[in-house]
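Shown next: final_24.cif, containing mmCIF, C-alpha atoms.
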```cif
data_structure
#
loop_
_atom_site.label_atom_id
_atom_site.label_comp_id
_atom_site.auth_asym_id
_atom_site.auth_seq_id
_atom_site.Cartn_x
_atom_site.Cartn_y
_atom_site.Cartn_z
CA MET Y 249 133.04 169.36 95.99
CA ASN Y 250 130.07 167.54 97.52
CA PRO Y 251 130.43 168.18 101.28
CA VAL Y 252 128.87 165.94 103.89
CA LEU Y 253 128.29 166.92 107.51
CA MET Y 254 127.70 163.97 109.81
CA ILE Y 255 126.57 164.63 113.36
CA PHE Y 256 126.83 161.48 115.44
CA ILE Y 257 124.68 161.54 118.59
CA ASP Y 258 125.33 158.66 120.94
CA GLY Y 259 122.43 156.61 122.25
CA VAL Y 260 119.30 158.03 120.64
CA GLY Y 261 116.58 155.78 119.30
CA ILE Y 262 113.00 156.12 118.13
CA GLY Y 263 110.84 155.16 121.08
CA GLU Y 264 107.26 155.14 122.24
CA LYS Y 265 104.90 158.12 122.17
CA ASP Y 266 105.39 158.50 125.89
CA PHE Y 267 104.99 161.87 127.60
CA GLU Y 268 106.44 160.55 130.87
CA PHE Y 269 109.68 158.82 129.83
CA ASN Y 270 110.46 159.94 126.27
CA PRO Y 271 112.07 163.39 126.64
CA PHE Y 272 111.26 164.38 123.05
CA PHE Y 273 107.58 164.19 123.96
CA LYS Y 274 107.89 165.28 127.59
CA TYR Y 275 109.89 168.44 126.95
CA GLY Y 276 109.50 169.05 123.24
CA PHE Y 277 112.31 169.39 120.70
CA LYS Y 278 112.53 172.24 118.20
CA VAL Y 279 113.78 170.04 115.35
CA PHE Y 280 110.64 167.96 115.59
CA ASP Y 281 108.12 170.53 116.82
CA ASN Y 282 109.11 173.44 114.58
CA ILE Y 283 110.63 171.80 111.51
CA PHE Y 284 108.86 168.45 111.09
CA LYS Y 285 105.77 169.56 113.03
CA GLU Y 286 105.63 166.19 114.81
CA THR Y 287 107.87 163.86 116.80
CA PRO Y 288 108.82 160.40 115.50
CA HIS Y 289 107.79 157.39 117.54
CA LYS Y 290 107.45 153.65 117.01
CA GLY Y 291 103.93 154.10 115.68
CA LYS Y 292 105.16 156.66 113.14
CA PRO Y 293 108.95 156.35 112.75
CA TYR Y 294 109.15 157.93 109.28
CA LEU Y 295 108.83 161.71 108.85
CA GLU Y 296 109.40 163.88 105.79
CA LYS Y 297 109.27 167.66 105.49
CA ASN Y 298 110.61 169.87 102.72
CA GLY Y 299 113.19 167.34 101.56
CA MET Y 300 114.31 166.40 105.08
CA PHE Y 301 113.81 162.88 106.41
CA VAL Y 302 113.67 161.14 109.78
CA PHE Y 303 113.69 157.35 109.78
CA PRO Y 304 114.53 154.30 111.92
CA THR Y 305 117.81 152.44 111.44
CA ASP Y 306 118.22 148.88 112.67
CA ALA Y 307 120.88 148.67 115.39
CA LYS Y 308 120.38 145.01 116.31
CA LEU Y 309 121.90 143.71 113.07
CA GLY Y 310 120.60 140.19 113.59
CA VAL Y 311 122.47 139.67 116.87
CA GLU Y 312 120.76 138.95 120.18
CA GLY Y 313 121.16 141.29 123.14
CA LEU Y 314 121.15 145.02 123.64
CA PRO Y 315 123.07 146.97 120.98
CA GLN Y 316 126.26 148.58 122.29
CA SER Y 317 128.44 151.51 121.27
CA GLY Y 318 131.65 149.68 120.41
CA THR Y 319 130.22 147.38 117.77
CA GLY Y 320 127.50 149.82 116.73
CA GLN Y 321 129.95 152.58 115.95
CA VAL Y 322 132.20 150.24 113.99
CA ALA Y 323 129.13 149.28 111.97
CA ILE Y 324 128.41 152.94 111.24
CA PHE Y 325 131.90 154.21 110.48
CA CYS Y 326 133.23 151.09 108.75
CA GLY Y 327 130.12 149.78 107.03
CA MET Y 328 130.37 146.23 108.33
CA ASN Y 329 128.33 144.07 110.71
CA ALA Y 330 130.62 144.29 113.73
CA PRO Y 331 128.22 142.55 116.18
CA LYS Y 332 127.95 139.57 113.85
CA PHE Y 333 131.72 139.54 113.28
CA VAL Y 334 132.43 139.65 117.03
CA GLY Y 335 129.57 137.30 117.88
CA LYS Y 336 127.91 139.73 120.27
CA HIS Y 337 127.17 143.38 120.89
CA PHE Y 338 130.12 144.94 122.66
CA GLY Y 339 131.05 148.31 124.12
CA PRO Y 340 131.66 151.02 124.94
CA PHE Y 341 134.99 150.70 123.11
CA PRO Y 342 135.71 148.67 119.94
CA TYR Y 343 136.33 144.95 120.34
CA SER Y 344 140.01 144.09 119.81
CA THR Y 345 139.46 141.99 116.67
CA THR Y 346 137.70 144.89 114.94
CA ILE Y 347 140.69 147.24 115.21
CA PRO Y 348 142.32 146.01 111.95
CA ILE Y 349 138.95 146.54 110.25
CA ILE Y 350 138.73 150.05 111.63
CA ALA Y 351 142.22 150.74 110.28
CA GLU Y 352 141.29 149.66 106.75
CA GLN Y 353 137.60 150.46 106.39
CA ASN Y 354 136.81 153.60 108.41
CA ILE Y 355 135.07 156.44 106.60
CA PHE Y 356 137.93 158.91 107.10
CA LYS Y 357 140.31 156.59 105.26
CA ALA Y 358 137.71 156.00 102.54
CA TYR Y 359 137.63 159.75 101.88
CA LYS Y 360 141.43 160.08 102.00
CA ASP Y 361 141.84 157.18 99.57
CA ARG Y 362 139.64 159.07 97.12
CA GLY Y 363 141.74 162.20 97.40
CA LYS Y 364 139.08 163.96 99.48
CA THR Y 365 139.38 165.98 102.69
CA PRO Y 366 137.90 164.42 105.84
CA TYR Y 367 137.77 166.43 109.08
CA PHE Y 368 136.91 165.55 112.67
CA ALA Y 369 135.47 168.70 114.24
CA ASN Y 370 135.73 167.72 117.92
CA ALA Y 371 138.44 169.22 120.10
CA TYR Y 372 140.13 167.27 122.88
CA PRO Y 373 141.51 168.68 126.16
CA LYS Y 374 145.11 168.34 127.31
CA VAL Y 375 144.23 165.45 129.61
CA PHE Y 376 143.30 163.38 126.53
CA PHE Y 377 146.62 164.02 124.82
CA ASP Y 378 148.42 163.20 128.08
CA TYR Y 379 146.52 159.91 128.07
CA LEU Y 380 147.78 159.18 124.54
CA LYS Y 381 151.36 160.04 125.49
CA SER Y 382 151.15 157.56 128.37
CA GLY Y 383 150.88 154.79 125.79
CA LYS Y 384 147.28 153.88 126.55
CA THR Y 385 145.16 153.13 123.50
CA ARG Y 386 141.62 152.54 124.73
CA LEU Y 387 139.85 154.92 122.36
CA SER Y 388 136.42 155.38 120.86
CA THR Y 389 135.81 154.24 117.30
CA THR Y 390 135.95 157.81 116.00
CA SER Y 391 139.18 158.91 117.66
CA LEU Y 392 140.80 155.54 116.85
CA SER Y 393 139.73 155.88 113.21
CA CYS Y 394 141.43 159.27 113.06
CA ARG Y 395 144.65 158.07 114.64
CA LEU Y 396 144.85 155.05 112.34
CA SER Y 397 144.12 157.21 109.28
CA GLY Y 398 146.44 160.12 110.01
CA ILE Y 399 143.59 162.54 110.71
CA LYS Y 400 144.49 165.33 113.10
CA LEU Y 401 142.83 165.37 116.50
CA ASN Y 402 142.04 168.96 117.43
CA SER Y 403 143.34 170.57 120.62
CA VAL Y 404 142.35 173.61 122.66
CA THR Y 405 144.41 175.73 120.25
CA ASP Y 406 142.13 174.73 117.37
CA LEU Y 407 139.14 175.40 119.60
CA ARG Y 408 140.32 178.94 120.34
CA GLN Y 409 140.84 179.50 116.62
CA SER Y 410 137.23 178.47 115.91
CA LYS Y 411 138.40 175.39 113.99
CA ALA Y 412 136.70 172.91 116.32
CA LEU Y 413 133.99 172.40 118.94
CA THR Y 414 133.97 170.80 122.37
CA ALA Y 415 131.92 167.64 122.71
CA GLU Y 416 129.43 169.55 124.86
CA ILE Y 417 128.94 172.35 122.30
CA THR Y 418 129.32 175.52 124.38
CA ASN Y 419 132.73 175.16 126.17
CA GLU Y 420 131.04 175.63 129.55
CA ARG Y 421 131.87 172.15 130.88
CA TRP Y 422 135.52 172.48 129.88
CA ASN Y 423 135.71 175.61 132.01
CA ARG Y 424 133.86 174.12 134.96
CA LYS Y 425 135.27 170.59 134.93
CA LEU Y 426 138.73 171.06 133.41
CA LYS Y 427 139.49 174.59 134.64
CA TYR Y 428 139.91 176.14 131.19
CA GLN Y 429 139.07 179.79 130.67
CA LEU Y 430 137.40 179.60 127.29
CA LYS Y 431 134.79 181.93 125.92
CA VAL Y 432 131.41 180.28 126.43
CA ILE Y 433 129.57 180.28 123.11
CA SER Y 434 125.89 179.83 122.39
CA PRO Y 435 124.59 176.66 120.70
CA GLU Y 436 123.67 178.82 117.73
CA THR Y 437 127.24 180.12 117.40
CA ALA Y 438 128.57 176.57 117.69
CA ALA Y 439 126.18 175.39 114.97
CA ARG Y 440 127.23 178.16 112.60
CA ARG Y 441 130.89 177.37 113.25
CA LEU Y 442 130.28 173.73 112.39
CA LEU Y 443 128.45 174.68 109.19
CA ARG Y 444 131.40 176.86 108.16
CA ILE Y 445 133.82 174.01 108.83
CA ALA Y 446 131.65 171.58 106.86
CA GLY Y 447 131.61 173.89 103.86
CA LYS Y 448 135.41 173.69 103.65
CA ASN Y 449 135.76 169.88 103.71
CA ASP Y 450 134.42 166.91 101.78
CA PHE Y 451 133.46 165.05 104.96
CA THR Y 452 133.07 166.55 108.44
CA LEU Y 453 132.16 164.62 111.57
CA TYR Y 454 131.00 166.05 114.87
CA GLU Y 455 130.33 163.72 117.79
CA PHE Y 456 128.02 164.34 120.76
CA PHE Y 457 127.89 161.68 123.47
CA HIS Y 458 126.14 163.26 126.44
CA THR Y 459 122.76 161.87 125.37
CA ASP Y 460 124.03 158.38 126.16
CA HIS Y 461 125.31 159.54 129.54
CA LEU Y 462 121.93 161.06 130.34
CA GLY Y 463 120.18 157.88 129.23
CA HIS Y 464 122.31 155.92 131.69
CA GLY Y 465 121.28 158.27 134.48
CA ARG Y 466 124.65 160.03 134.69
CA ILE Y 467 125.13 163.81 135.00
CA ALA Y 468 121.40 164.07 135.69
CA ASP Y 469 121.90 167.44 137.37
CA GLU Y 470 122.93 168.83 133.96
CA PHE Y 471 120.01 167.34 132.04
CA GLU Y 472 118.19 170.59 131.29
CA ALA Y 473 121.28 172.46 130.09
CA ILE Y 474 122.55 169.60 127.93
CA TYR Y 475 119.14 168.93 126.41
CA ASN Y 476 118.43 172.57 125.65
CA ASN Y 477 121.89 173.14 124.16
CA LEU Y 478 121.53 170.14 121.86
CA ASP Y 479 118.02 171.24 120.91
CA ARG Y 480 119.13 174.74 119.93
CA PHE Y 481 122.29 173.47 118.22
CA LEU Y 482 120.51 171.00 115.95
CA PHE Y 483 117.66 173.39 115.23
CA THR Y 484 120.16 175.98 114.00
CA ILE Y 485 122.02 173.40 111.91
CA LEU Y 486 118.83 172.36 110.13
CA SER Y 487 117.45 175.89 109.83
CA GLU Y 488 120.62 177.38 108.34
CA LEU Y 489 121.97 174.41 106.35
CA ASN Y 490 122.73 175.23 102.71
CA LYS Y 491 120.53 172.44 101.39
CA GLU Y 492 121.66 172.93 97.79
CA ALA Y 493 125.31 172.38 98.63
CA ILE Y 494 125.72 170.26 101.78
CA THR Y 495 124.36 166.85 102.75
CA LEU Y 496 123.56 166.44 106.44
CA VAL Y 497 123.40 163.08 108.20
CA ILE Y 498 122.44 162.89 111.87
CA CYS Y 499 122.73 159.36 113.19
CA SER Y 500 123.09 157.26 116.32
CA ASP Y 501 124.39 153.83 117.28
CA HIS Y 502 121.56 152.47 119.48
CA GLY Y 503 118.60 153.46 121.56
CA ASN Y 504 118.84 154.73 125.15
CA PHE Y 505 117.96 158.40 125.70
CA GLU Y 506 114.46 158.04 124.20
CA ASP Y 507 113.36 155.85 127.14
CA LEU Y 508 114.33 157.25 130.54
CA SER Y 509 112.30 154.60 132.37
CA VAL Y 510 115.43 152.41 132.23
CA LYS Y 511 119.13 153.19 132.57
CA THR Y 512 120.22 150.71 129.92
CA HIS Y 513 120.30 150.74 126.16
CA THR Y 514 117.10 149.76 124.39
CA MET Y 515 116.09 147.50 121.52
CA ASN Y 516 114.59 150.47 119.67
CA PRO Y 517 115.85 151.39 116.21
CA ALA Y 518 118.45 154.14 116.10
CA LEU Y 519 117.25 157.55 114.96
CA THR Y 520 118.61 158.83 111.65
CA LEU Y 521 117.93 162.16 109.94
CA THR Y 522 119.06 163.31 106.49
CA ALA Y 523 118.74 166.74 104.91
CA GLY Y 524 120.25 168.70 102.07
CA LYS Y 525 121.67 167.73 98.72
CA ASN Y 526 121.57 163.92 98.83
CA ALA Y 527 119.03 163.48 101.60
CA LEU Y 528 116.51 161.44 99.63
CA GLN Y 529 119.02 158.93 98.25
CA LEU Y 530 120.42 158.34 101.72
CA ALA Y 531 117.00 158.02 103.33
CA GLU Y 532 116.00 155.43 100.74
CA SER Y 533 119.20 153.38 101.02
CA ILE Y 534 119.90 153.29 104.77
CA LYS Y 535 118.01 150.55 106.60
CA ASP Y 536 120.59 149.48 109.19
CA LEU Y 537 123.80 150.85 110.70
CA THR Y 538 126.06 149.06 108.20
CA GLU Y 539 124.52 150.99 105.29
CA ILE Y 540 125.37 154.51 106.50
CA LYS Y 541 129.01 154.60 105.38
CA PRO Y 542 128.58 152.89 101.97
CA SER Y 543 125.53 155.06 101.20
CA ILE Y 544 127.49 158.24 101.91
CA ILE Y 545 130.39 157.03 99.78
CA LYS Y 546 128.07 156.05 96.94
CA TYR Y 547 125.98 159.18 96.76
CA CYS Y 548 128.27 161.89 98.12
CA THR Y 549 131.79 161.25 96.75
#
```

Target format structure tokens, applied to this file:
Amino acid sequence: MNPVLMIFIDGVGIGEKDFEFNPFFKYGFKVFDNIFKETPHKGKPYLEKNGMFVFPTDAKLGVEGLPQSGTGQVAIFCGMNAPKFVGKHFGPFPYSTTIPIIAEQNIFKAYKDRGKTPYFANAYPKVFFDYLKSGKTRLSTTSLSCRLSGIKLNSVTDLRQSKALTAEITNERWNRKLKYQLKVISPETAARRLLRIAGKNDFTLYEFFHTDHLGHGRIADEFEAIYNNLDRFLFTILSELNKEAITLVICSDHGNFEDLSVKTHTMNPALTLTAGKNALQLAESIKDLTEIKPSIIKYCT
């Protein structure tokens, strides 16, 4: 078994060394400050520390315009140039003509076809499953990949059994926004749960999208809590990762959050981080979004 943990963080690029509009410089970030001892920026986008790597990943893929989530995520999870195929960057959901490609080429199916165990660690609330039952099919690339590949989508029951995480890490928003009565967990507890899950599967994905929302200027009143929770969560993941056994890939689909001077996506390269067993091979082979999936399959299966 050669387990991979992928943490997909929506809308995070490598931006300028800007203490006013780049939150990683303005507020600090434990992953960079305490582990790498510096923060990546466009003047120094490559960092390496103790076998862990931060590097830029091209999200433009040779197509004009601002990179978008729909085509960017298809590029990541299917290993193909979706913006070029569609003829433009498109989002937030996948373009209709890429759905057959998602069905055949997504990374969950690639693992299943090899007899491996893929797992999507996010839990979904009842309102999401009600949406599916209504016959509506407008889904993100990740949830659509799971549905088309026969991968279970976790519910609140799985969450209560510590088999999944909410998309906001701590459960607090589910309680406040959706009226659940879940135990609020710390980011550190959530990180350790995810590491345990990853150790039991060949490929585990966890998806965090609130960075993109913050970059667009949404939920600004929750900025501090969301930022601090993500900071503590990722710091614990990297600090407690079994680097001899598990490969960690943290990746994003486009820039946005790293430049809060605008409320749009950016042309900056996406931020990618690798650590653990196959970190070096992945860092050397991934140059753009389309190379993430094939690199994982090549070096980790």

Next on the checklist: If I take CA of Met254 (chain Y) and CA of Gln409 (chain Y), how far is one from the other in Å, to one decimal?
Outcome noted: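 So the two atoms, CA of Met254 (chain Y) and CA of Gln409 (chain Y), lie 21.5 Å apart.
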
Item to check | Surrounding residues of region 512-523 of chain Y excluding itself and chain neighbours under 6 positions, 6 Å, all atoms listed in the file, as a list in words | outcome: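 My list of contacting residues is Gly261, Ile262, Met300, Phe301, Val302, Phe303, Pro304, Thr305, Asp306, Ala307, His464, Leu496, Val497, Ile498, Cys499, Ser500, His502, Gly503 and Asn504 of chain Y.
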
Next on the checklist: Assuming the chain letters and numbering stay as they are in my file, what does the PyMOL selection byres ((chain Y and resi 508) around 12) actually select? List them as a PyMOL selection string.
Outcome noted: chain Y and resi 259-261+263-264+266-274+459-466+468+471+503-507+509-514

Next on the checklist: Would you pick out the contacts of Leu430 (chain Y) at 9 Å or less, using all atoms listed in the file, so that residues sharing its chain but fewer than 2 positions from it are not included, and give the list as a VMD selection string?
Outcome noted: chain Y and resid 407 to 408 419 to 420 422 to 423 428 432 to 433

Item to check | Selection dump of the PyMOL selection byres ((chain Y and resi 543) around 12), as a PyMOL selection string | outcome: chain Y and resi 252+324-327+355+495+497+522+526-542+544-549

Checklist entry - Which of these residues is nearest to Asp479 (chain Y), using only C-alpha atoms: Y:Tyr343, Y:Phe280, Y:Phe356, Y:Phe368? => result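 Looking only at the distances to Asp479 (chain Y), the closest residue turns out to be Y:Phe280.
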
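Of the residues listed (Y:Asn282, Y:Thr452, Y:Gln316, Y:Thr346), Y:Thr452 shows the shortest atom-to-atom separation from Thr365 (chain Y); distances use all atoms listed in the file.
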
Take the PyMOL selection byres ((chain Y and resi 318) around 12), run it mentally on this structure, and tell me the resulting residues as a PDB file with C-alpha atoms, in the frame of the given file.
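expr_29.pdb, written as the output of this step:
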```pdb
ATOM      1  CA  ASP Y 258     125.330 158.660 120.940  1.00  0.00           C
ATOM      2  CA  GLY Y 259     122.430 156.610 122.250  1.00  0.00           C
ATOM      3  CA  ALA Y 307     120.880 148.670 115.390  1.00  0.00           C
ATOM      4  CA  LEU Y 314     121.150 145.020 123.640  1.00  0.00           C
ATOM      5  CA  PRO Y 315     123.070 146.970 120.980  1.00  0.00           C
ATOM      6  CA  GLN Y 316     126.260 148.580 122.290  1.00  0.00           C
ATOM      7  CA  SER Y 317     128.440 151.510 121.270  1.00  0.00           C
ATOM      8  CA  THR Y 319     130.220 147.380 117.770  1.00  0.00           C
ATOM      9  CA  GLY Y 320     127.500 149.820 116.730  1.00  0.00           C
ATOM     10  CA  GLN Y 321     129.950 152.580 115.950  1.00  0.00           C
ATOM     11  CA  VAL Y 322     132.200 150.240 113.990  1.00  0.00           C
ATOM     12  CA  ALA Y 323     129.130 149.280 111.970  1.00  0.00           C
ATOM     13  CA  ILE Y 324     128.410 152.940 111.240  1.00  0.00           C
ATOM     14  CA  PHE Y 325     131.900 154.210 110.480  1.00  0.00           C
ATOM     15  CA  CYS Y 326     133.230 151.090 108.750  1.00  0.00           C
ATOM     16  CA  ASN Y 329     128.330 144.070 110.710  1.00  0.00           C
ATOM     17  CA  ALA Y 330     130.620 144.290 113.730  1.00  0.00           C
ATOM     18  CA  PRO Y 331     128.220 142.550 116.180  1.00  0.00           C
ATOM     19  CA  VAL Y 334     132.430 139.650 117.030  1.00  0.00           C
ATOM     20  CA  LYS Y 336     127.910 139.730 120.270  1.00  0.00           C
ATOM     21  CA  HIS Y 337     127.170 143.380 120.890  1.00  0.00           C
ATOM     22  CA  PHE Y 338     130.120 144.940 122.660  1.00  0.00           C
ATOM     23  CA  GLY Y 339     131.050 148.310 124.120  1.00  0.00           C
ATOM     24  CA  PRO Y 340     131.660 151.020 124.940  1.00  0.00           C
ATOM     25  CA  PHE Y 341     134.990 150.700 123.110  1.00  0.00           C
ATOM     26  CA  PRO Y 342     135.710 148.670 119.940  1.00  0.00           C
ATOM     27  CA  TYR Y 343     136.330 144.950 120.340  1.00  0.00           C
ATOM     28  CA  SER Y 344     140.010 144.090 119.810  1.00  0.00           C
ATOM     29  CA  THR Y 345     139.460 141.990 116.670  1.00  0.00           C
ATOM     30  CA  THR Y 346     137.700 144.890 114.940  1.00  0.00           C
ATOM     31  CA  ILE Y 347     140.690 147.240 115.210  1.00  0.00           C
ATOM     32  CA  ILE Y 350     138.730 150.050 111.630  1.00  0.00           C
ATOM     33  CA  ARG Y 386     141.620 152.540 124.730  1.00  0.00           C
ATOM     34  CA  LEU Y 387     139.850 154.920 122.360  1.00  0.00           C
ATOM     35  CA  SER Y 388     136.420 155.380 120.860  1.00  0.00           C
ATOM     36  CA  THR Y 389     135.810 154.240 117.300  1.00  0.00           C
ATOM     37  CA  THR Y 390     135.950 157.810 116.000  1.00  0.00           C
ATOM     38  CA  LEU Y 392     140.800 155.540 116.850  1.00  0.00           C
ATOM     39  CA  ASP Y 501     124.390 153.830 117.280  1.00  0.00           C
ATOM     40  CA  HIS Y 502     121.560 152.470 119.480  1.00  0.00           C
TER      41      HIS Y 502
END
```

Checklist entry - Which residue out of Y:Lys297, Y:Gly363, Y:Arg395, Y:Lys384 has the minimum interatomic distance to Asp281 (chain Y) when all atoms listed in the file are used? => result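 With all atoms listed in the file as the atom set, the closest residue is Y:Lys297.
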
Item to check | Pick from Y:Leu443, Y:Leu453, Y:Ile474, Y:Leu426, whichever lies nearest to Ala493 (chain Y) using all atoms listed in the file | outcome: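 Between Y:Leu443, Y:Leu453, Y:Ile474, Y:Leu426, the residue approaching Ala493 (chain Y) most closely is Y:Leu443.
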
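Straight-line separation from CA of Glu472 (chain Y) to CA of Asn402 (chain Y): 27.6 Å.
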
Item to check | Selected residue, from Y:Pro348, Y:Thr287, Y:Leu396, Y:Arg440, that lies nearest to Tyr275 (chain Y) when counting all atoms listed in the file | outcome: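 Of Y:Pro348, Y:Thr287, Y:Leu396, Y:Arg440, the one nearest Tyr275 (chain Y), counting all atoms listed in the file, is Y:Thr287.
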
Next on the checklist: Report, in Å to a single decimal, how far apart CA of Thr484 (chain Y) and CA of Arg441 (chain Y) are.
Outcome noted: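 About the pair CA of Arg441 (chain Y) and CA of Thr484 (chain Y): they are 10.8 Å apart.
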
Next on the checklist: Need the shell around region 454-458 of chain Y: protein/DNA/RNA residues with any atom at most 6 Å away, counting all atoms listed in the file. Skip same-chain ones fewer than 4 positions apart. Format as a PyMOL selection string?
Outcome noted: chain Y and resi 255-258+369-370+415

Checklist entry - With distances taken over all atoms listed in the file, which of Y:Arg424, Y:Lys278, Y:Lys364, Y:Lys381 is nearest to Leu486 (chain Y)? => result Y:Lys278

Next on the checklist: Within 7 Å of (137.8, 172.2, 120.0) (file coordinates; all atoms listed in the file), which protein or nucleic acid residues are there? I'd like them as a list of chain:residue names.
Outcome noted: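 Taken together, the residues in range are Y:Asn370, Y:Ala371, Y:Tyr372, Y:Asn402, Y:Ser403, Y:Val404, Y:Asp406, Y:Leu407, Y:Lys411, Y:Ala412, Y:Leu413, Y:Thr414.
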